[in-house]
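Student: Please see the structure below; I have some questions.
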Amino acid sequence: MKKLKFILSALMLTVCMSAFIGAGGATAFAYEGEQEPVVECAHEYTEEVVEGTCTTKGYTRYTCMLCGDTYTDNYTEVNGHKFGEIVIEPTCTHRGYTIHYCKECGYEYSDSYVPATGHAYEAEEHPVTCTENGYTLYTCKNCGDEYTVDGEEAIGHDYEVKTVGRTCESYGYTVHTCKNCADRYVTDYVKPAGHDFEKTVVKAEEGKVGYTKYTCKVCDYNYVSDFVTSGDDGYIDENPDTPTGPEQPNKPTKPEKPENPDQPENPDKPENPDEHTHVYVFDAVVREQEKTMMVSYVCECGDNRTEFVKVEFTSADDGSGVVLIPGENGELDFAVLEGKYIVTVTNDNGEELMVYEVNLAKNETKPVEPEQPDKPTEPEQTETPDKPNDDKPSDDKQDDDKPNDDKSSDDKPSDSGADKPSDTEKEEKKTSAAVILLPILLILGVGAAVTLVVLKKKNGKNKKSENKKEQK
């Protein structure tokens, strides 16, 4: 009984599997008509000519506009480089070499290296001065590179002092002059002492004019004034009964020229309480090293006409001139000038007040010692470029790249519409598959139900037989 059950179960399993396999086959058959047939491309090629370069061959590329298929042919030879040369001469710090460059593609390499020449320095000594340190300047005569080596420090000014005493009309002062560089400045101004006059009266006499003579006790400067005439009472009658022409008075003595060159040749009369005559005194301090100048043109009463003074610098070399006008403080700056100049100072009336010669140093900035240049790095030797391979590509490759145009026309699907399934035919195939599949499934279901019924009946009979056997 057990064997029978096993056989029936195996039979049912086999039937079910067969049904499923059949259904799958029918479904596959039904949908097989949906696949599109493979159609070979009717190529439409475009041409692109690629020119050859210095290192690669030229060729023609064919590309299909429909499917993108490509192949190449018509290869041309490599052009090769066309070299030109540039010779770089060696310098003090860099070596020389020759550059080979391709005129077509720009490729280049270098060779023929020459060592750097190195600097050739020449020494120029700059001696120490009062205000500047001494140093030695080394300059390369080939490239102009330079550096300095410090020498002695500035020695400073060594001044000689000379005192100029004041006079009746001139200021006194102290002059400080450097023994080494002629730098000069003035200090300790003392106002003029003024005249100390002694009065001498000359009385009038018959036929002579009287007058008063004023003579300075210090410098012998003198002048006469207060002229008078004489008569019976000591003065000449201005309206005599019998008029007689008075004798011409003697011409007054002309004052002597003062011994001091700073005194005016024709001095004015001494101060009058009611009227003051300005007497201006000029003074100047020239500092050649600093290229500055201090001038003053002041009256003892304090009136200042310094700003009306004109200072003219005339070059001793080419005669060119520069005119400077000081302000009220009298300061002048001529730092831009250099060389030998004649300094002429005049007042606003054009009178010459001073002529002085100066030697002005050149406007040179002390050079800074440059850093020693680093040793130039040796450029790497450029490898000689490999010669491009001029071998022409093999014909086999060309043949492989070329599409196969010899395909049999039998393999191509027909372009006629008769071979291509229509949508109606596809629907009919699907319907046919469904019709075949449904009866198979129905039969399998009925067979399974019948099998179960039969098995139940047999099981019932077997149980009854066993019960009867047990009762017996």
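Lettering and numbering for the structure tokens are positional, with chains as A, B, ... in the shown order, residues counted from 1 in each chain, and ligands counted from 1 in the shown order.
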Name the residues of segment 15-222 of chain A that fall into alpha helix (DSSP H) according to DSSP on the backbone, using the chain letters and numbers of this document, as a VMD selection string.
Tutor: chain A and resid 15 to 31
Student: Can you tell me which residues surround segment 181-183 of chain A at a distance of at most 7 Å, considering only C-alpha atoms, apart from same-chain residues fewer than 2 positions away, and format the answer as a ChimeraX atom specification?
Tutor: /A:177-179,287-289
Student: Contacts of His43 of chain A at 8 Å or less, counting only C-alpha atoms, minus same-chain residues fewer than 4 places along, as a ChimeraX atom specification?
Tutor: /A:64-67
Student: For the selection you just gave me, I'd like the residues written to a file as a PDB file, in the first residue's frame, keeping C-alpha atoms.
Tutor:
ATOM      1  CA  CYS A  64      29.914  56.309 -40.762  1.00  0.00           C
ATOM      2  CA  MET A  65      27.266  58.963 -40.062  1.00  0.00           C
ATOM      3  CA  LEU A  66      24.681  56.260 -39.259  1.00  0.00           C
ATOM      4  CA  CYS A  67      26.412  53.835 -36.875  1.00  0.00           C
TER       5      CYS A  67
END
Student: Quick one: residues within 10 Å of segment 160-170 of chain A, only C-alpha atoms, excluding same-chain residues fewer than 3 positions away - as a VMD selection string?
Tutor: chain A and resid 157 173 to 179 182 184 to 196 216 218 to 219 221 260 to 264 267 279 to 283 300
Student: Put those residues in a file: N, CA and C atoms, as a CSV table (one decimal), in the first residue's frame.
Tutor:
chain,number,residue,atom,x,y,z
A,157,HIS,N,85.2,116.4,11.4
A,157,HIS,CA,85.8,117.7,11.0
A,157,HIS,C,86.9,118.1,12.1
A,173,TYR,N,82.4,138.5,14.4
A,173,TYR,CA,81.9,137.1,14.4
A,173,TYR,C,83.1,136.2,14.5
A,174,THR,N,82.8,134.9,14.7
A,174,THR,CA,83.8,133.8,14.8
A,174,THR,C,83.6,132.8,13.6
A,175,VAL,N,84.7,132.6,12.9
A,175,VAL,CA,84.7,131.7,11.7
A,175,VAL,C,85.3,130.4,12.1
A,176,HIS,N,84.6,129.3,11.8
A,176,HIS,CA,85.1,127.9,12.1
A,176,HIS,C,85.3,127.3,10.7
A,177,THR,N,86.6,126.9,10.4
A,177,THR,CA,86.9,126.3,9.1
A,177,THR,C,87.6,125.0,9.3
A,178,CYS,N,87.1,123.9,8.6
A,178,CYS,CA,87.7,122.6,8.7
A,178,CYS,C,89.1,122.6,8.0
A,179,LYS,N,90.1,122.0,8.6
A,179,LYS,CA,91.4,122.0,8.0
A,179,LYS,C,91.4,121.0,6.8
A,182,ALA,N,87.5,122.1,4.2
A,182,ALA,CA,87.1,123.5,4.0
A,182,ALA,C,85.7,123.7,4.4
A,184,ARG,N,82.8,125.2,6.5
A,184,ARG,CA,82.9,126.5,7.2
A,184,ARG,C,81.5,126.9,7.8
A,185,TYR,N,81.5,127.4,9.0
A,185,TYR,CA,80.3,128.0,9.6
A,185,TYR,C,80.8,129.2,10.5
A,186,VAL,N,79.8,130.1,10.8
A,186,VAL,CA,80.1,131.3,11.5
A,186,VAL,C,79.2,131.3,12.7
A,187,THR,N,79.8,131.8,13.9
A,187,THR,CA,79.0,131.9,15.1
A,187,THR,C,79.4,133.2,15.8
A,188,ASP,N,78.7,133.4,17.0
A,188,ASP,CA,79.1,134.5,17.9
A,188,ASP,C,79.1,135.9,17.2
A,189,TYR,N,78.0,136.2,16.6
A,189,TYR,CA,77.8,137.5,16.0
A,189,TYR,C,77.8,138.6,17.1
A,190,VAL,N,78.5,139.8,16.8
A,190,VAL,CA,78.5,140.9,17.6
A,190,VAL,C,78.1,142.2,16.8
A,191,LYS,N,77.1,142.9,17.3
A,191,LYS,CA,76.7,144.1,16.5
A,191,LYS,C,77.8,145.1,16.4
A,192,PRO,N,77.7,145.9,15.3
A,192,PRO,CA,78.7,147.0,15.1
A,192,PRO,C,78.7,148.0,16.3
A,193,ALA,N,79.9,148.5,16.6
A,193,ALA,CA,80.0,149.4,17.8
A,193,ALA,C,79.4,150.8,17.6
A,194,GLY,N,79.3,151.2,16.3
A,194,GLY,CA,78.8,152.5,16.0
A,194,GLY,C,80.0,153.6,16.2
A,195,HIS,N,79.9,154.7,15.5
A,195,HIS,CA,80.9,155.7,15.6
A,195,HIS,C,80.9,156.5,16.9
A,196,ASP,N,82.0,156.9,17.4
A,196,ASP,CA,82.2,157.7,18.6
A,196,ASP,C,82.8,159.1,18.1
A,216,CYS,N,85.3,160.6,14.0
A,216,CYS,CA,85.2,159.4,14.8
A,216,CYS,C,86.5,159.1,15.5
A,218,VAL,N,87.5,156.3,16.7
A,218,VAL,CA,88.0,155.0,16.5
A,218,VAL,C,88.5,154.8,15.1
A,219,CYS,N,87.7,155.2,14.1
A,219,CYS,CA,88.1,154.9,12.8
A,219,CYS,C,88.5,156.1,11.9
A,221,TYR,N,86.7,158.2,10.7
A,221,TYR,CA,85.7,158.7,9.8
A,221,TYR,C,85.2,160.1,10.2
A,260,ASN,N,88.7,150.3,6.6
A,260,ASN,CA,88.0,149.0,6.6
A,260,ASN,C,87.2,148.8,5.3
A,261,PRO,N,87.5,147.7,4.5
A,261,PRO,CA,86.8,147.5,3.2
A,261,PRO,C,85.4,147.3,3.4
A,262,ASP,N,84.9,146.9,4.6
A,262,ASP,CA,83.5,146.7,4.7
A,262,ASP,C,82.7,148.0,4.9
A,263,GLN,N,83.5,149.1,5.2
A,263,GLN,CA,82.8,150.4,5.4
A,263,GLN,C,82.4,151.0,4.0
A,264,PRO,N,81.3,151.7,3.9
A,264,PRO,CA,80.9,152.3,2.7
A,264,PRO,C,81.8,153.4,2.3
A,267,PRO,N,79.8,157.2,3.3
A,267,PRO,CA,78.9,157.0,4.4
A,267,PRO,C,77.9,158.1,4.6
A,279,VAL,N,71.4,151.0,7.4
A,279,VAL,CA,72.7,150.5,7.0
A,279,VAL,C,72.6,149.0,7.2
A,280,TYR,N,72.5,148.3,6.0
A,280,TYR,CA,72.3,146.8,6.1
A,280,TYR,C,73.7,146.1,6.1
A,281,VAL,N,73.8,145.1,6.9
A,281,VAL,CA,75.0,144.3,7.0
A,281,VAL,C,74.7,142.9,6.5
A,282,PHE,N,75.6,142.4,5.6
A,282,PHE,CA,75.4,141.1,5.0
A,282,PHE,C,76.3,140.1,5.7
A,283,ASP,N,75.8,138.9,5.9
A,283,ASP,CA,76.6,137.8,6.5
A,283,ASP,C,76.1,136.5,5.9
A,300,GLU,N,70.9,147.3,11.7
A,300,GLU,CA,71.1,147.3,13.1
A,300,GLU,C,69.8,147.6,13.8
Student: From a DSSP calculation on the backbone, collect every residue of segment 134-228 of chain A in strand (DSSP E or B) and output the set as a PyMOL selection string.
Tutor: chain A and resi 135-140+146-150+159-164+172-178+184-190+197-202+205+208+210-216+222-228
Student: Put those residues in a file: C-alpha atoms, as an mmCIF file, in the first residue's frame.
Tutor:
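Okay, result_15.cif is ready:
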data_model
loop_
_atom_site.group_PDB
_atom_site.id
_atom_site.type_symbol
_atom_site.label_atom_id
_atom_site.label_comp_id
_atom_site.auth_asym_id
_atom_site.auth_seq_id
_atom_site.Cartn_x
_atom_site.Cartn_y
_atom_site.Cartn_z
ATOM 1 C CA TYR A 135 85.497 101.875 1.330
ATOM 2 C CA THR A 136 86.682 99.883 -1.677
ATOM 3 C CA LEU A 137 84.261 99.314 -4.544
ATOM 4 C CA TYR A 138 84.774 96.180 -6.639
ATOM 5 C CA THR A 139 83.071 96.206 -10.065
ATOM 6 C CA CYS A 140 83.030 93.401 -12.625
ATOM 7 C CA GLU A 146 79.624 95.145 -7.807
ATOM 8 C CA TYR A 147 80.139 94.906 -4.071
ATOM 9 C CA THR A 148 81.950 96.979 -1.429
ATOM 10 C CA VAL A 149 84.418 96.317 1.340
ATOM 11 C CA ASP A 150 84.277 98.762 4.257
ATOM 12 C CA TYR A 159 87.976 123.063 12.737
ATOM 13 C CA GLU A 160 90.254 126.084 13.023
ATOM 14 C CA VAL A 161 88.718 129.063 14.824
ATOM 15 C CA LYS A 162 89.265 132.635 13.695
ATOM 16 C CA THR A 163 87.663 135.635 15.376
ATOM 17 C CA VAL A 164 86.890 138.762 13.325
ATOM 18 C CA GLY A 172 82.067 140.950 14.595
ATOM 19 C CA TYR A 173 81.936 137.127 14.365
ATOM 20 C CA THR A 174 83.836 133.834 14.788
ATOM 21 C CA VAL A 175 84.653 131.691 11.714
ATOM 22 C CA HIS A 176 85.072 127.914 12.077
ATOM 23 C CA THR A 177 86.898 126.342 9.091
ATOM 24 C CA CYS A 178 87.742 122.614 8.747
ATOM 25 C CA ARG A 184 82.872 126.485 7.231
ATOM 26 C CA TYR A 185 80.338 128.038 9.555
ATOM 27 C CA VAL A 186 80.086 131.305 11.527
ATOM 28 C CA THR A 187 78.990 131.893 15.132
ATOM 29 C CA ASP A 188 79.087 134.521 17.899
ATOM 30 C CA TYR A 189 77.830 137.548 15.983
ATOM 31 C CA VAL A 190 78.481 140.942 17.637
ATOM 32 C CA PHE A 197 82.361 161.245 17.102
ATOM 33 C CA GLU A 198 84.488 164.126 18.386
ATOM 34 C CA LYS A 199 83.109 167.613 17.542
ATOM 35 C CA THR A 200 85.404 170.412 16.253
ATOM 36 C CA VAL A 201 83.953 173.908 15.572
ATOM 37 C CA VAL A 202 85.712 176.133 12.986
ATOM 38 C CA GLU A 205 86.083 184.686 9.631
ATOM 39 C CA LYS A 208 85.693 182.506 5.238
ATOM 40 C CA GLY A 210 82.673 178.553 9.422
ATOM 41 C CA TYR A 211 81.543 174.950 10.027
ATOM 42 C CA THR A 212 81.550 172.084 12.490
ATOM 43 C CA LYS A 213 83.638 168.956 11.851
ATOM 44 C CA TYR A 214 82.700 165.558 13.320
ATOM 45 C CA THR A 215 85.541 162.983 13.533
ATOM 46 C CA CYS A 216 85.205 159.373 14.824
ATOM 47 C CA ASN A 222 84.596 162.385 9.584
ATOM 48 C CA TYR A 223 82.153 164.768 8.012
ATOM 49 C CA VAL A 224 81.376 168.546 8.225
ATOM 50 C CA SER A 225 78.093 170.424 8.727
ATOM 51 C CA ASP A 226 76.609 173.612 10.244
ATOM 52 C CA PHE A 227 78.136 176.029 7.703
ATOM 53 C CA VAL A 228 78.002 179.766 8.747
#
Student: Set the distance at 8 Å and use only C-alpha atoms: which residues neighbour Asp348 of chain A once local chain neighbours fewer than 3 positions away are removed? I'd like the list as number ranges by chain.
Tutor: A: 308-310, 351
Student: Restricted to N, CA and C atoms, what would the selected residues look like written as a CSV table (one decimal), in the first residue's frame?
Tutor:
chain,number,residue,atom,x,y,z
A,308,PHE,N,65.2,139.6,0.0
A,308,PHE,CA,65.5,140.3,-1.3
A,308,PHE,C,66.9,140.0,-1.8
A,309,VAL,N,67.7,139.2,-1.1
A,309,VAL,CA,69.0,138.9,-1.6
A,309,VAL,C,68.9,137.8,-2.7
A,310,LYS,N,69.7,137.9,-3.7
A,310,LYS,CA,69.8,136.9,-4.8
A,310,LYS,C,71.1,136.2,-4.7
A,351,GLU,N,73.8,145.4,-6.1
A,351,GLU,CA,75.1,145.6,-5.6
A,351,GLU,C,75.7,144.2,-5.1
Student: Between A:Ile325, A:Ile443, A:Val453, A:Leu337, which is the closest to Lys291 of chain A once you count only C-alpha atoms?
Tutor: A:Leu337
Student: Calculate how many Å separate atom CA of Leu455 of chain A from atom CA of Thr14 of chain A, rounding to one decimal.
Tutor: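 Taking atom CA of Leu455 of chain A as the start and atom CA of Thr14 of chain A as the end point, the length is 17.2 Å.
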Student: I'd like the interatomic distance between atom CA of Val355 of chain A and atom CA of Thr277 of chain A, to a tenth of an Å.
Tutor: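 So the answer is 26.1 Å.
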Student: Select, from A:Cys102, A:Ser315, A:Cys299, A:Gly330, the residue with the minimum atom-to-atom distance to Val286 of chain A, counting only C-alpha atoms.
Tutor: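 Of the candidates, the smallest distance to Val286 of chain A is held by A:Gly330.
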Student: What does the structure give for the distance between atom CA of Cys92 of chain A and atom CA of Gly106 of chain A, in Å to one decimal?
Tutor: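 About the pair atom CA of Cys92 of chain A and atom CA of Gly106 of chain A: they are 29.1 Å apart.
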Student: Write out as a PDB file with C-alpha atoms, in the first residue's frame each polymer residue whose atoms come within 10 Å of Val336 of chain A, counting only C-alpha atoms; drop sequence neighbours fewer than 2 positions from it.
Tutor:
ATOM      1  CA  LYS A 291      75.233 121.708   0.644  1.00  0.00           C
ATOM      2  CA  ASP A 333      69.549 124.251   0.045  1.00  0.00           C
ATOM      3  CA  PHE A 334      71.542 123.355  -3.074  1.00  0.00           C
ATOM      4  CA  GLU A 338      77.629 119.051  -7.801  1.00  0.00           C
ATOM      5  CA  LEU A 360      80.460 120.380  -4.220  1.00  0.00           C
ATOM      6  CA  LYS A 362      79.006 114.337  -6.411  1.00  0.00           C
ATOM      7  CA  ASN A 363      75.584 113.097  -5.366  1.00  0.00           C
TER       8      ASN A 363
END
